[in-house]
file model25.txt (compact mmCIF, C-alpha atoms)
# COMPACT_ATOMS: atom_id res chain seq x y z
CA MET A 68 114.21 -21.38 -183.45
CA ARG A 69 114.60 -24.32 -181.12
CA ARG A 70 113.33 -22.58 -177.96
CA LYS A 71 110.03 -21.18 -179.24
CA ASN A 72 109.15 -19.96 -175.75
CA ARG A 73 112.02 -17.45 -176.02
CA GLU A 74 111.20 -16.20 -179.52
CA VAL A 75 110.15 -12.55 -179.83
CA THR A 76 107.73 -12.14 -182.73
CA GLU A 77 106.02 -8.81 -182.06
CA LEU A 78 107.68 -6.06 -184.11
CA THR A 79 107.26 -3.51 -181.31
CA GLU A 80 109.20 -5.80 -178.94
CA ILE A 81 111.90 -6.40 -181.56
CA ILE A 82 112.29 -2.63 -181.96
CA GLU A 83 112.59 -2.32 -178.16
CA ILE A 84 115.48 -4.80 -178.26
CA ILE A 85 117.21 -2.81 -181.03
CA ASN A 86 116.64 0.45 -179.13
CA GLY A 87 118.47 -1.00 -176.14
CA CYS A 88 121.61 -1.80 -178.16
CA LYS A 89 124.51 0.49 -179.08
CA VAL A 90 126.70 -2.03 -180.94
CA CYS A 91 125.87 -4.56 -183.61
CA ARG A 92 128.03 -7.22 -185.16
CA LEU A 93 128.31 -7.42 -188.92
CA ALA A 94 129.07 -10.94 -190.13
CA MET A 95 130.47 -11.42 -193.64
CA VAL A 96 132.13 -14.16 -195.67
CA ASP A 97 135.69 -13.56 -196.91
CA ASN A 98 136.50 -16.26 -199.49
CA ASP A 99 134.56 -18.92 -197.55
CA VAL A 100 135.97 -17.75 -194.21
CA PRO A 101 133.64 -16.07 -191.67
CA TYR A 102 134.56 -12.54 -190.57
CA VAL A 103 132.69 -10.47 -188.01
CA VAL A 104 133.20 -6.92 -186.75
CA PRO A 105 131.46 -4.88 -184.04
CA LEU A 106 130.08 -1.53 -185.19
CA ASN A 107 127.99 1.35 -183.94
CA PHE A 108 124.74 1.59 -185.86
CA GLY A 109 121.48 3.38 -186.39
CA TYR A 110 118.26 2.12 -187.94
CA HIS A 111 115.03 3.06 -189.67
CA GLN A 112 111.84 1.04 -189.59
CA ASN A 113 109.35 1.15 -192.45
CA ASP A 114 106.45 -1.22 -191.76
CA SER A 115 108.15 -4.58 -191.17
CA VAL A 116 111.40 -3.68 -192.98
CA ILE A 117 114.29 -2.67 -190.70
CA THR A 118 117.24 -0.89 -192.31
CA ILE A 119 120.49 -0.84 -190.36
CA PHE A 120 122.98 1.95 -191.12
CA LEU A 121 126.72 1.52 -190.54
CA HIS A 122 129.71 3.74 -191.19
CA CYS A 123 133.41 3.09 -191.66
CA ALA A 124 136.50 4.19 -193.54
CA ARG A 125 136.45 4.10 -197.34
CA GLU A 126 139.00 1.29 -197.49
CA GLY A 127 139.92 -1.81 -195.53
CA ARG A 128 139.11 -5.47 -195.22
CA LYS A 129 135.38 -4.96 -194.53
CA ILE A 130 134.97 -2.81 -197.66
CA GLU A 131 136.82 -5.32 -199.84
CA ILE A 132 134.75 -8.22 -198.54
CA LEU A 133 131.46 -6.39 -199.12
CA LYS A 134 132.46 -5.50 -202.68
CA GLN A 135 132.94 -9.22 -203.38
CA ASN A 136 129.96 -10.53 -201.39
CA ASN A 137 127.35 -8.20 -199.97
CA GLN A 138 125.32 -10.90 -198.18
CA VAL A 139 125.56 -10.18 -194.46
CA CYS A 140 124.16 -11.06 -191.07
CA ILE A 141 123.56 -8.48 -188.33
CA GLU A 142 123.53 -9.49 -184.66
CA MET A 143 122.99 -7.39 -181.55
CA ASP A 144 122.33 -8.32 -177.95
CA GLN A 145 122.22 -7.14 -174.38
CA MET A 146 122.80 -9.13 -171.24
CA LYS A 147 120.25 -8.09 -168.65
CA GLU A 148 121.24 -10.09 -165.56
CA LEU A 149 123.53 -12.94 -164.59
CA LEU A 150 121.74 -15.80 -162.84
CA SER A 151 124.02 -17.66 -160.45
CA GLY A 152 123.83 -21.12 -158.94
CA GLU A 153 125.81 -23.60 -156.94
CA LYS A 154 127.26 -25.47 -159.93
CA GLY A 155 128.52 -24.13 -163.23
CA CYS A 156 125.58 -25.62 -165.12
CA ASP A 157 123.16 -23.78 -162.82
CA TYR A 158 124.33 -20.42 -164.17
CA SER A 159 122.42 -18.62 -166.90
CA CYS A 160 121.52 -15.06 -167.81
CA TYR A 161 118.60 -12.93 -168.83
CA PHE A 162 119.27 -11.49 -172.29
CA GLU A 163 117.69 -10.04 -175.41
CA SER A 164 119.03 -10.52 -178.92
CA PHE A 165 118.29 -9.71 -182.54
CA ILE A 166 119.57 -11.37 -185.73
CA GLY A 167 118.78 -10.41 -189.32
CA THR A 168 120.12 -11.12 -192.80
CA GLY A 169 120.27 -8.91 -195.84
CA GLN A 170 122.44 -7.26 -198.47
CA ALA A 171 124.88 -4.46 -197.71
CA VAL A 172 124.53 -1.48 -200.06
CA PHE A 173 126.94 1.47 -200.14
CA LEU A 174 125.24 4.88 -200.05
CA ASP A 175 126.86 7.35 -202.45
CA ASP A 176 124.52 10.32 -202.33
CA ALA A 177 125.74 12.96 -199.85
CA ALA A 178 122.24 13.70 -198.54
CA ALA A 179 121.51 10.00 -197.99
CA LYS A 180 124.84 9.57 -196.21
CA ALA A 181 124.18 12.57 -193.96
CA GLU A 182 120.71 11.24 -193.09
CA ALA A 183 122.14 7.80 -192.27
CA LEU A 184 124.90 9.33 -190.13
CA GLN A 185 122.27 11.39 -188.32
CA THR A 186 120.38 8.14 -187.64
CA ILE A 187 123.53 6.50 -186.27
CA MET A 188 124.21 9.48 -183.99
CA LYS A 189 120.63 9.44 -182.72
CA GLN A 190 120.94 5.75 -181.78
CA GLN A 191 124.22 6.45 -180.00
CA THR A 192 123.46 9.77 -178.30
CA GLY A 193 119.70 10.34 -178.42
CA ARG A 194 120.35 13.58 -180.34
CA ASP A 195 119.49 14.23 -183.99
CA ASP A 196 120.87 17.74 -184.48
CA PHE A 197 124.34 17.03 -185.87
CA CYS A 198 125.84 18.65 -188.96
CA PHE A 199 128.28 16.78 -191.19
CA ASP A 200 131.06 18.51 -193.07
CA GLN A 201 131.24 17.74 -196.81
CA HIS A 202 134.82 16.50 -196.34
CA VAL A 203 133.65 14.02 -193.69
CA LEU A 204 130.91 12.76 -196.00
CA GLU A 205 133.45 12.24 -198.78
CA GLN A 206 135.84 10.35 -196.50
CA THR A 207 133.19 8.10 -194.94
CA SER A 208 131.62 4.94 -196.30
CA VAL A 209 128.02 4.53 -195.24
CA ILE A 210 126.37 1.14 -195.58
CA ALA A 211 122.67 0.33 -195.49
CA VAL A 212 121.47 -3.21 -194.78
CA GLU A 213 117.77 -3.74 -195.46
CA LEU A 214 116.48 -6.56 -193.28
CA ARG A 215 113.31 -8.38 -194.25
CA ARG A 216 114.23 -11.61 -192.46
CA TYR A 217 115.05 -11.30 -188.77
CA SER A 218 114.26 -12.72 -185.38
CA GLY A 219 114.35 -11.69 -181.75
CA LYS A 220 114.99 -13.78 -178.70
CA ARG A 221 114.59 -13.13 -174.98
CA HIS A 222 115.24 -15.00 -171.76

call {"tool": "encode", "arguments": {"input": "model25.txt", "output": "structure tokens"}}
result
Amino acid sequence: MRRKNREVTELTEIIEIINGCKVCRLAMVDNDVPYVVPLNFGYHQNDSVITIFLHCAREGRKIEILKQNNQVCIEMDQMKELLSGEKGCDYSCYFESFIGTGQAVFLDDAAAKAEALQTIMKQQTGRDDFCFDQHVLEQTSVIAVELRRYSGKRH
């Protein structure tokens, strides 16, 4: 990271950044062409490993890309405040961001999918008391991305 004074290294602070986000961006490579999509997410933390859970339809471009190349990058951020100035170059903003890389893995087990969906709903709503119909579980792809390499940044 070029601006070391903005790097967030403490895991508790990185988790605070993640907790403040509702949307992440999933970056993939489609035959040497970058492709990125915004998604709602949830996460689990186990020691220093952060697992991001995503959900989507069972077919589509994202699914096809991940079947060919499951190497991904996750990005999430939040703008805290716009800093204004007299000239354009005087403007800046306070922000927090998180970036991590890992491999996307499709969850097939119904119980694992339900647990991941529960995690996503908790991130989005603060609640963890949802029930998921078997039909919904069958029609939904759930993806887990285990992140061992990641960084946080703050200004």

call {"tool": "atom_distance", "arguments": {"input": "model25.txt", "atom1": "atom CA of A:Thr118", "atom2": "atom CA of A:Ala211"}}
result
6.4 Å

call {"tool": "atom_distance", "arguments": {"input": "model25.txt", "atom1": "atom CA of A:Arg215", "atom2": "atom CA of A:Met188"}}
result
23.3 Å

call {"tool": "residues_around", "arguments": {"input": "model25.txt", "residues": "stretch 126-133 of chain A", "least_positions_apart": "6", "cutoff": "10 Å", "atoms": "all atoms listed in the file", "output": "short mmCIF file (atom, residue, chain, number, x, y, z; two decimals) with C-alpha atoms, in the coordinates of the input"}}
result
data_model
loop_
_atom_site.label_atom_id
_atom_site.label_comp_id
_atom_site.auth_asym_id
_atom_site.auth_seq_id
_atom_site.Cartn_x
_atom_site.Cartn_y
_atom_site.Cartn_z
CA LEU A 93 128.31 -7.42 -188.92
CA ALA A 94 129.07 -10.94 -190.13
CA MET A 95 130.47 -11.42 -193.64
CA VAL A 96 132.13 -14.16 -195.67
CA ASP A 97 135.69 -13.56 -196.91
CA ASN A 98 136.50 -16.26 -199.49
CA TYR A 102 134.56 -12.54 -190.57
CA VAL A 103 132.69 -10.47 -188.01
CA VAL A 104 133.20 -6.92 -186.75
CA VAL A 139 125.56 -10.18 -194.46
CA GLN A 170 122.44 -7.26 -198.47
CA ALA A 171 124.88 -4.46 -197.71
CA VAL A 172 124.53 -1.48 -200.06
CA PHE A 173 126.94 1.47 -200.14
CA GLN A 206 135.84 10.35 -196.50
CA THR A 207 133.19 8.10 -194.94
CA SER A 208 131.62 4.94 -196.30
CA ILE A 210 126.37 1.14 -195.58
#

call {"tool": "closest_residue", "arguments": {"input": "model25.txt", "among": "A:Ile187, A:Gly167, A:Lys180, A:Cys156", "to": "A:Ile141", "atoms": "only C-alpha atoms"}}
result
A:Gly167

call {"tool": "residues_around", "arguments": {"input": "model25.txt", "residues": "A:Gln185", "least_positions_apart": "5", "cutoff": "8 Å", "atoms": "all atoms listed in the file", "output": "PyMOL selection string"}}
result
chain A and resi 195-197

call {"tool": "closest_residue", "arguments": {"input": "model25.txt", "among": "A:Leu204, A:Gly152, A:Ser164, A:Arg194", "to": "A:Ala178", "atoms": "all atoms listed in the file"}}
result
A:Leu204
